[in-house]
Structure formats: structure tokens, C-alpha cells
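Heads up, upload15.csv below (CSV, N, CA, C and O atoms):
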```
chain,number,residue,atom,x,y,z
A,1,MET,N,-1.4,8.3,7.1
A,1,MET,CA,-1.5,7.3,6.1
A,1,MET,C,-2.2,7.9,4.9
A,1,MET,O,-3.2,8.7,5.1
A,2,THR,N,-1.8,7.6,3.7
A,2,THR,CA,-2.4,8.1,2.5
A,2,THR,C,-2.9,7.0,1.7
A,2,THR,O,-2.5,5.8,1.8
A,3,GLU,N,-4.0,7.2,0.9
A,3,GLU,CA,-4.6,6.2,0.1
A,3,GLU,C,-5.1,6.9,-1.2
A,3,GLU,O,-5.6,8.0,-1.2
A,4,ARG,N,-4.9,6.2,-2.3
A,4,ARG,CA,-5.4,6.7,-3.6
A,4,ARG,C,-6.8,6.1,-3.8
A,4,ARG,O,-7.0,4.9,-3.5
A,5,THR,N,-7.7,6.9,-4.3
A,5,THR,CA,-9.1,6.4,-4.6
A,5,THR,C,-9.6,7.0,-5.9
A,5,THR,O,-9.0,8.1,-6.3
A,6,PRO,N,-10.6,6.4,-6.5
A,6,PRO,CA,-11.2,7.1,-7.7
A,6,PRO,C,-11.8,8.4,-7.3
A,6,PRO,O,-12.4,8.6,-6.3
A,7,ALA,N,-11.5,9.4,-8.1
A,7,ALA,CA,-12.0,10.8,-7.8
A,7,ALA,C,-13.6,10.9,-8.0
A,7,ALA,O,-14.2,11.7,-7.4
A,8,ASP,N,-14.1,10.0,-8.8
A,8,ASP,CA,-15.6,10.1,-9.1
A,8,ASP,C,-16.3,8.9,-8.6
A,8,ASP,O,-17.3,8.5,-9.3
A,9,ASP,N,-16.0,8.3,-7.5
A,9,ASP,CA,-16.6,7.1,-7.0
A,9,ASP,C,-17.9,7.3,-6.3
A,9,ASP,O,-18.6,6.4,-5.9
A,10,GLY,N,-18.3,8.6,-6.1
A,10,GLY,CA,-19.5,9.0,-5.4
A,10,GLY,C,-19.5,8.9,-3.9
A,10,GLY,O,-20.4,9.3,-3.3
A,11,THR,N,-18.3,8.5,-3.3
A,11,THR,CA,-18.3,8.3,-1.9
A,11,THR,C,-17.2,9.3,-1.3
A,11,THR,O,-17.2,9.5,-0.1
A,12,THR,N,-16.4,9.9,-2.1
A,12,THR,CA,-15.3,10.7,-1.6
A,12,THR,C,-15.6,12.1,-1.6
A,12,THR,O,-16.1,12.6,-2.6
A,13,THR,N,-15.5,12.9,-0.5
A,13,THR,CA,-15.7,14.3,-0.5
A,13,THR,C,-14.3,15.0,-0.3
A,13,THR,O,-13.4,14.3,0.2
A,14,ALA,N,-14.3,16.2,-0.5
A,14,ALA,CA,-13.0,17.0,-0.4
A,14,ALA,C,-12.5,17.0,1.0
A,14,ALA,O,-11.3,16.9,1.3
A,15,GLU,N,-13.4,17.1,2.0
A,15,GLU,CA,-13.0,17.1,3.4
A,15,GLU,C,-14.0,16.2,4.1
A,15,GLU,O,-15.2,16.4,4.1
A,16,ARG,N,-13.5,15.2,4.8
A,16,ARG,CA,-14.4,14.3,5.7
A,16,ARG,C,-13.9,14.5,7.1
A,16,ARG,O,-12.8,14.5,7.4
A,17,PRO,N,-14.9,14.6,8.0
A,17,PRO,CA,-14.5,14.7,9.4
A,17,PRO,C,-13.9,13.4,9.9
A,17,PRO,O,-13.1,13.4,10.8
A,18,ARG,N,-14.4,12.2,9.4
A,18,ARG,CA,-13.9,10.9,9.8
A,18,ARG,C,-13.6,10.1,8.5
A,18,ARG,O,-14.2,10.3,7.5
A,19,GLY,N,-12.6,9.3,8.6
A,19,GLY,CA,-12.3,8.4,7.5
A,19,GLY,C,-11.8,7.1,7.9
A,19,GLY,O,-11.2,6.9,9.0
A,20,ASP,N,-12.1,6.0,7.1
A,20,ASP,CA,-11.6,4.7,7.4
A,20,ASP,C,-10.8,4.2,6.2
A,20,ASP,O,-11.3,4.4,5.0
A,21,LEU,N,-9.7,3.6,6.4
A,21,LEU,CA,-8.9,3.1,5.3
A,21,LEU,C,-8.6,1.6,5.6
A,21,LEU,O,-8.2,1.3,6.7
A,22,GLY,N,-8.7,0.8,4.6
A,22,GLY,CA,-8.3,-0.6,4.7
A,22,GLY,C,-7.2,-0.9,3.7
A,22,GLY,O,-7.3,-0.3,2.6
A,23,ARG,N,-6.3,-1.7,4.0
A,23,ARG,CA,-5.2,-1.9,3.1
A,23,ARG,C,-4.8,-3.4,3.2
A,23,ARG,O,-4.7,-3.9,4.2
A,24,ARG,N,-4.6,-3.9,2.0
A,24,ARG,CA,-4.0,-5.3,1.9
A,24,ARG,C,-2.8,-5.2,1.0
A,24,ARG,O,-2.9,-4.6,-0.1
A,25,VAL,N,-1.8,-5.9,1.3
A,25,VAL,CA,-0.6,-6.0,0.5
A,25,VAL,C,-0.3,-7.4,0.2
A,25,VAL,O,-0.2,-8.2,1.0
A,26,ASP,N,-0.2,-7.7,-1.1
A,26,ASP,CA,0.1,-9.1,-1.5
A,26,ASP,C,0.5,-9.1,-3.0
A,26,ASP,O,-0.4,-9.3,-3.8
A,27,ASP,N,1.7,-8.9,-3.3
A,27,ASP,CA,2.0,-9.0,-4.7
A,27,ASP,C,2.7,-10.4,-5.0
A,27,ASP,O,2.1,-11.2,-5.7
A,28,ALA,N,3.8,-10.6,-4.5
A,28,ALA,CA,4.6,-11.9,-4.8
A,28,ALA,C,4.5,-12.9,-3.8
A,28,ALA,O,4.7,-14.1,-4.1
A,29,LEU,N,4.2,-12.6,-2.5
A,29,LEU,CA,4.4,-13.6,-1.4
A,29,LEU,C,3.1,-14.2,-1.0
A,29,LEU,O,3.1,-15.1,-0.1
A,30,SER,N,1.9,-13.9,-1.5
A,30,SER,CA,0.6,-14.4,-1.1
A,30,SER,C,0.4,-14.2,0.4
A,30,SER,O,-0.1,-15.1,1.0
A,31,SER,N,0.9,-13.2,0.9
A,31,SER,CA,0.6,-12.8,2.3
A,31,SER,C,0.6,-11.3,2.4
A,31,SER,O,1.0,-10.6,1.5
A,32,GLY,N,0.1,-10.9,3.5
A,32,GLY,CA,0.1,-9.4,3.8
A,32,GLY,C,-0.7,-9.1,5.0
A,32,GLY,O,-0.7,-9.9,6.0
A,33,TRP,N,-1.3,-7.9,5.0
A,33,TRP,CA,-2.0,-7.4,6.2
A,33,TRP,C,-3.3,-6.8,5.8
A,33,TRP,O,-3.4,-6.2,4.7
A,34,SER,N,-4.3,-7.0,6.6
A,34,SER,CA,-5.5,-6.3,6.5
A,34,SER,C,-5.5,-5.3,7.6
A,34,SER,O,-5.4,-5.6,8.8
A,35,VAL,N,-5.6,-4.0,7.3
A,35,VAL,CA,-5.5,-2.9,8.3
A,35,VAL,C,-6.6,-2.0,8.2
A,35,VAL,O,-7.1,-1.6,7.1
A,36,LEU,N,-7.2,-1.6,9.3
A,36,LEU,CA,-8.2,-0.5,9.4
A,36,LEU,C,-7.7,0.6,10.2
A,36,LEU,O,-7.2,0.5,11.3
A,37,VAL,N,-7.6,1.8,9.5
A,37,VAL,CA,-7.1,3.0,10.1
A,37,VAL,C,-8.3,4.0,10.2
A,37,VAL,O,-9.0,4.2,9.2
A,38,ARG,N,-8.6,4.5,11.4
A,38,ARG,CA,-9.7,5.4,11.6
A,38,ARG,C,-9.2,6.7,12.2
A,38,ARG,O,-8.3,6.8,13.0
A,39,GLY,N,-9.7,7.8,11.6
A,39,GLY,CA,-9.3,9.1,12.0
A,39,GLY,C,-9.8,10.2,11.1
A,39,GLY,O,-10.7,9.9,10.3
A,40,SER,N,-9.3,11.4,11.2
A,40,SER,CA,-9.8,12.5,10.4
A,40,SER,C,-9.1,12.4,9.0
A,40,SER,O,-7.9,12.2,8.9
A,41,ALA,N,-9.9,12.6,8.0
A,41,ALA,CA,-9.5,12.5,6.6
A,41,ALA,C,-9.6,13.8,5.8
A,41,ALA,O,-10.5,14.6,6.1
A,42,ARG,N,-8.6,14.0,4.9
A,42,ARG,CA,-8.7,15.2,4.1
A,42,ARG,C,-8.1,14.8,2.7
A,42,ARG,O,-7.2,13.9,2.6
A,43,THR,N,-8.4,15.6,1.7
A,43,THR,CA,-7.9,15.4,0.4
A,43,THR,C,-6.5,16.1,0.3
A,43,THR,O,-6.3,17.2,0.9
A,44,VAL,N,-5.6,15.4,-0.3
A,44,VAL,CA,-4.2,16.0,-0.5
A,44,VAL,C,-4.4,16.9,-1.8
A,44,VAL,O,-4.6,16.3,-2.9
A,45,THR,N,-4.2,18.2,-1.6
A,45,THR,CA,-4.4,19.1,-2.7
A,45,THR,C,-3.2,19.7,-3.2
A,45,THR,O,-3.1,20.3,-4.3
A,46,ASP,N,-2.1,19.7,-2.5
A,46,ASP,CA,-0.8,20.3,-2.9
A,46,ASP,C,-0.2,19.6,-4.0
A,46,ASP,O,0.0,18.3,-3.9
A,47,PRO,N,0.0,20.2,-5.2
A,47,PRO,CA,0.5,19.5,-6.4
A,47,PRO,C,1.9,18.8,-6.1
A,47,PRO,O,2.1,17.7,-6.6
A,48,ASP,N,2.8,19.5,-5.4
A,48,ASP,CA,4.1,18.9,-5.1
A,48,ASP,C,3.9,17.6,-4.2
A,48,ASP,O,4.6,16.6,-4.5
A,49,GLU,N,3.1,17.7,-3.3
A,49,GLU,CA,2.8,16.5,-2.4
A,49,GLU,C,2.2,15.3,-3.2
A,49,GLU,O,2.6,14.2,-3.1
A,50,ARG,N,1.3,15.7,-4.1
A,50,ARG,CA,0.6,14.6,-5.0
A,50,ARG,C,1.7,14.0,-5.9
A,50,ARG,O,1.7,12.8,-6.1
A,51,ARG,N,2.6,14.8,-6.5
A,51,ARG,CA,3.6,14.2,-7.3
A,51,ARG,C,4.6,13.3,-6.5
A,51,ARG,O,5.0,12.3,-7.0
A,52,ARG,N,4.9,13.8,-5.3
A,52,ARG,CA,5.8,12.9,-4.4
A,52,ARG,C,5.1,11.6,-4.1
A,52,ARG,O,5.7,10.5,-4.2
A,53,LEU,N,3.8,11.6,-3.8
A,53,LEU,CA,3.1,10.4,-3.5
A,53,LEU,C,3.0,9.5,-4.7
A,53,LEU,O,3.2,8.3,-4.6
A,54,ASP,N,2.7,10.1,-5.9
A,54,ASP,CA,2.6,9.4,-7.1
A,54,ASP,C,4.0,8.6,-7.4
A,54,ASP,O,4.0,7.5,-7.9
A,55,GLY,N,5.1,9.3,-7.1
A,55,GLY,CA,6.4,8.7,-7.3
A,55,GLY,C,6.7,7.6,-6.4
A,55,GLY,O,7.6,6.8,-6.6
A,56,GLN,N,5.9,7.4,-5.3
A,56,GLN,CA,6.2,6.3,-4.3
A,56,GLN,C,5.3,5.1,-4.6
A,56,GLN,O,5.4,4.1,-3.9
A,57,VAL,N,4.5,5.1,-5.6
A,57,VAL,CA,3.6,4.0,-5.9
A,57,VAL,C,4.3,2.9,-6.6
A,57,VAL,O,5.0,3.2,-7.7
A,58,HIS,N,4.3,1.7,-6.1
A,58,HIS,CA,5.0,0.6,-6.8
A,58,HIS,C,4.1,-0.5,-7.3
A,58,HIS,O,4.6,-1.5,-7.7
A,59,SER,N,2.8,-0.4,-7.2
A,59,SER,CA,1.9,-1.4,-7.7
A,59,SER,C,0.6,-0.7,-8.0
A,59,SER,O,0.3,0.4,-7.6
A,60,GLY,N,-0.2,-1.4,-8.8
A,60,GLY,CA,-1.5,-0.9,-9.2
A,60,GLY,C,-2.6,-1.5,-8.4
A,60,GLY,O,-2.4,-2.4,-7.6
A,61,PRO,N,-3.8,-0.9,-8.4
A,61,PRO,CA,-4.9,-1.4,-7.6
A,61,PRO,C,-5.3,-2.8,-8.1
A,61,PRO,O,-5.3,-3.1,-9.3
A,62,TRP,N,-5.6,-3.7,-7.2
A,62,TRP,CA,-6.0,-5.0,-7.5
A,62,TRP,C,-7.3,-5.0,-8.3
A,62,TRP,O,-7.5,-5.8,-9.1
A,63,ALA,N,-8.2,-4.1,-8.0
A,63,ALA,CA,-9.5,-4.0,-8.6
A,63,ALA,C,-9.4,-3.4,-10.0
A,63,ALA,O,-10.4,-3.3,-10.7
A,64,GLY,N,-8.3,-2.8,-10.4
A,64,GLY,CA,-8.2,-2.1,-11.6
A,64,GLY,C,-8.8,-0.7,-11.6
A,64,GLY,O,-9.2,-0.3,-10.5
A,65,GLY,N,-8.7,0.0,-12.7
A,65,GLY,CA,-9.3,1.3,-12.7
A,65,GLY,C,-8.3,2.3,-12.2
A,65,GLY,O,-7.2,2.0,-11.7
A,66,GLY,N,-8.6,3.6,-12.5
A,66,GLY,CA,-7.8,4.7,-12.1
A,66,GLY,C,-8.0,5.1,-10.6
A,66,GLY,O,-9.1,4.9,-10.1
A,67,ARG,N,-7.0,5.6,-10.0
A,67,ARG,CA,-7.0,6.2,-8.7
A,67,ARG,C,-6.4,7.5,-8.7
A,67,ARG,O,-5.1,7.6,-8.6
A,68,ASP,N,-7.2,8.6,-8.9
A,68,ASP,CA,-6.6,9.9,-9.1
A,68,ASP,C,-6.6,10.8,-7.9
A,68,ASP,O,-6.0,11.9,-7.9
A,69,LEU,N,-7.3,10.4,-6.8
A,69,LEU,CA,-7.5,11.3,-5.7
A,69,LEU,C,-6.7,10.7,-4.5
A,69,LEU,O,-6.9,9.6,-4.1
A,70,TRP,N,-5.9,11.5,-3.9
A,70,TRP,CA,-5.1,11.1,-2.7
A,70,TRP,C,-5.9,11.6,-1.5
A,70,TRP,O,-6.2,12.8,-1.4
A,71,MET,N,-6.1,10.7,-0.5
A,71,MET,CA,-6.7,11.1,0.8
A,71,MET,C,-5.6,10.8,1.9
A,71,MET,O,-4.9,9.8,1.8
A,72,ARG,N,-5.6,11.7,2.9
A,72,ARG,CA,-4.7,11.5,4.0
A,72,ARG,C,-5.5,11.3,5.3
A,72,ARG,O,-6.4,12.1,5.5
A,73,VAL,N,-5.3,10.3,6.0
A,73,VAL,CA,-6.0,10.1,7.3
A,73,VAL,C,-5.0,10.2,8.4
A,73,VAL,O,-3.9,9.6,8.4
A,74,GLU,N,-5.3,11.1,9.3
A,74,GLU,CA,-4.5,11.3,10.6
A,74,GLU,C,-5.1,10.3,11.6
A,74,GLU,O,-6.2,10.5,12.0
A,75,PRO,N,-4.4,9.2,11.9
A,75,PRO,CA,-5.0,8.1,12.6
A,75,PRO,C,-5.3,8.4,14.1
A,75,PRO,O,-4.5,9.0,14.8
A,76,ASP,N,-6.5,8.0,14.5
A,76,ASP,CA,-6.9,7.9,15.9
A,76,ASP,C,-6.6,6.5,16.4
A,76,ASP,O,-6.1,6.3,17.5
A,77,THR,N,-7.0,5.5,15.6
A,77,THR,CA,-6.8,4.1,15.9
A,77,THR,C,-6.3,3.3,14.7
A,77,THR,O,-6.7,3.7,13.6
A,78,VAL,N,-5.5,2.3,14.9
A,78,VAL,CA,-5.1,1.4,13.9
A,78,VAL,C,-5.2,0.0,14.4
A,78,VAL,O,-4.7,-0.3,15.5
A,79,THR,N,-5.9,-0.9,13.6
A,79,THR,CA,-6.0,-2.3,14.0
A,79,THR,C,-5.8,-3.1,12.8
A,79,THR,O,-5.8,-2.6,11.6
A,80,GLY,N,-5.4,-4.4,12.9
A,80,GLY,CA,-5.2,-5.2,11.7
A,80,GLY,C,-4.8,-6.6,12.1
A,80,GLY,O,-4.7,-7.0,13.3
A,81,ARG,N,-4.6,-7.4,11.0
A,81,ARG,CA,-4.2,-8.8,11.2
A,81,ARG,C,-3.4,-9.2,10.0
A,81,ARG,O,-3.6,-8.7,8.9
A,82,ARG,N,-2.6,-10.2,10.2
A,82,ARG,CA,-1.7,-10.7,9.1
A,82,ARG,C,-2.6,-11.8,8.4
A,82,ARG,O,-3.3,-12.5,9.0
A,83,ILE,N,-2.4,-11.8,7.0
A,83,ILE,CA,-3.2,-12.7,6.2
A,83,ILE,C,-2.1,-13.6,5.5
A,83,ILE,O,-1.2,-13.1,4.9
A,84,SER,N,-2.3,-14.9,5.5
A,84,SER,CA,-1.5,-15.8,4.7
A,84,SER,C,-2.4,-16.6,3.9
A,84,SER,O,-3.5,-17.1,4.3
A,85,VAL,N,-2.0,-16.8,2.6
A,85,VAL,CA,-2.9,-17.6,1.7
A,85,VAL,C,-2.2,-19.0,1.5
A,85,VAL,O,-1.1,-19.1,1.4
```
Show this structure as C-alpha cells.
Amino acid sequence: MTERTPADDGTTTAERPRGDLGRRVDDALSSGWSVLVRGSARTVTDPDERRRLDGQVHSGPWAGGGRDLWMRVEPDTVTGRRISV
């Protein structure tokens, strides 16, 4: 699983032994998923891979702001629940 994050948020390092990602999806339907992925995380540094990931983004961050750093988590566990508004 990959996630975009601000490069200068003070919490992201180039290589993390462990990483947690949460994701919510809700653009038009007022519903989605809250997901927690736990596993080993690393920064995506390959320029071709970053361009490919950038090309697959179809929405902006809900909180606004730039997200310049791609992180990849190799999952050990995945948990979540469906959210309806």
C-alpha cells in the first residue's frame, strides 16, 4: 500500500522499520472505509515509480496542502471498518 504525505511534516523519515497508514475514502457517496495498515515502511525513491503513482491520484487530500513524499508499507496486518454518513 502506498500513501502520499507532506515531505516536511517532521514525522516522516526516509526509512522506517514500522509504519501505520490510515485511509478514508469519501468523495461523492458520503461513505467509505477507515483502514489501518501496519507493517514495514519505506520511502518510494524511484522517479519512474513516483511518476506512475502520481498518475494514479484521482483526488486531493481532504486536509489540503501538498503531499510530495510517497511511502510504501508492506503490510503485516490490515484492519478496518465501513463508514456511512
>> Would you compute the distance between atom C of Met1 (chain A) and atom O of Ser84 (chain A)? Give it in Å to one decimal.
In response: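 Computed distance, atom C of Met1 (chain A) to atom O of Ser84 (chain A), equals 25.0 Å.
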> Distance atom N of Ser31 (chain A)-atom N of Thr77 (chain A), one decimal place?
Replying inline: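 Computed distance, atom N of Ser31 (chain A) to atom N of Thr77 (chain A), equals 25.1 Å.
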>> Just want the 6 Å neighbourhood of Arg67 (chain A), counted on only N, CA, C and O atoms, with same-chain residues fewer than 5 positions away dropped. Output as a ChimeraX atom specification.
In response: /A:4-7
For the residues in that selection, give me N, CA, C and O atoms as a PDB file, in the coordinates of the input.
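Written file, part-v1.pdb:
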```
ATOM      1  N   ARG A   4      -4.900   6.200  -2.300  1.00  0.00           N
ATOM      2  CA  ARG A   4      -5.400   6.700  -3.600  1.00  0.00           C
ATOM      3  C   ARG A   4      -6.800   6.100  -3.800  1.00  0.00           C
ATOM      4  O   ARG A   4      -7.000   4.900  -3.500  1.00  0.00           O
ATOM      5  N   THR A   5      -7.700   6.900  -4.300  1.00  0.00           N
ATOM      6  CA  THR A   5      -9.100   6.400  -4.600  1.00  0.00           C
ATOM      7  C   THR A   5      -9.600   7.000  -5.900  1.00  0.00           C
ATOM      8  O   THR A   5      -9.000   8.100  -6.300  1.00  0.00           O
ATOM      9  N   PRO A   6     -10.600   6.400  -6.500  1.00  0.00           N
ATOM     10  CA  PRO A   6     -11.200   7.100  -7.700  1.00  0.00           C
ATOM     11  C   PRO A   6     -11.800   8.400  -7.300  1.00  0.00           C
ATOM     12  O   PRO A   6     -12.400   8.600  -6.300  1.00  0.00           O
ATOM     13  N   ALA A   7     -11.500   9.400  -8.100  1.00  0.00           N
ATOM     14  CA  ALA A   7     -12.000  10.800  -7.800  1.00  0.00           C
ATOM     15  C   ALA A   7     -13.600  10.900  -8.000  1.00  0.00           C
ATOM     16  O   ALA A   7     -14.200  11.700  -7.400  1.00  0.00           O
TER      17      ALA A   7
END
```
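CA of Gly32 (chain A) sits 10.1 Å away from atom C of Val85 (chain A).
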>> Give me, as a list in words, all polymer residues having an atom no more than 8 Å from region 50-59 of chain A, counting all atoms listed in the file and skipping those fewer than 6 positions away in the same chain.
In response: Val44, Asp68 and Trp70 of chain A
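Compared by their closest atoms to Thr45 (chain A), and using only N, CA, C and O atoms, the residues A:Met71, A:Asp76, A:Gly65, A:Ile83 rank with A:Met71 nearest.
All residues in region 29-80 of chain A with a DSSP state of helix (DSSP H, G or I), computed from the backbone, read A:Pro47, A:Asp48, A:Glu49, A:Arg50, A:Arg51, A:Arg52, A:Leu53, A:Asp54, A:Gly55.
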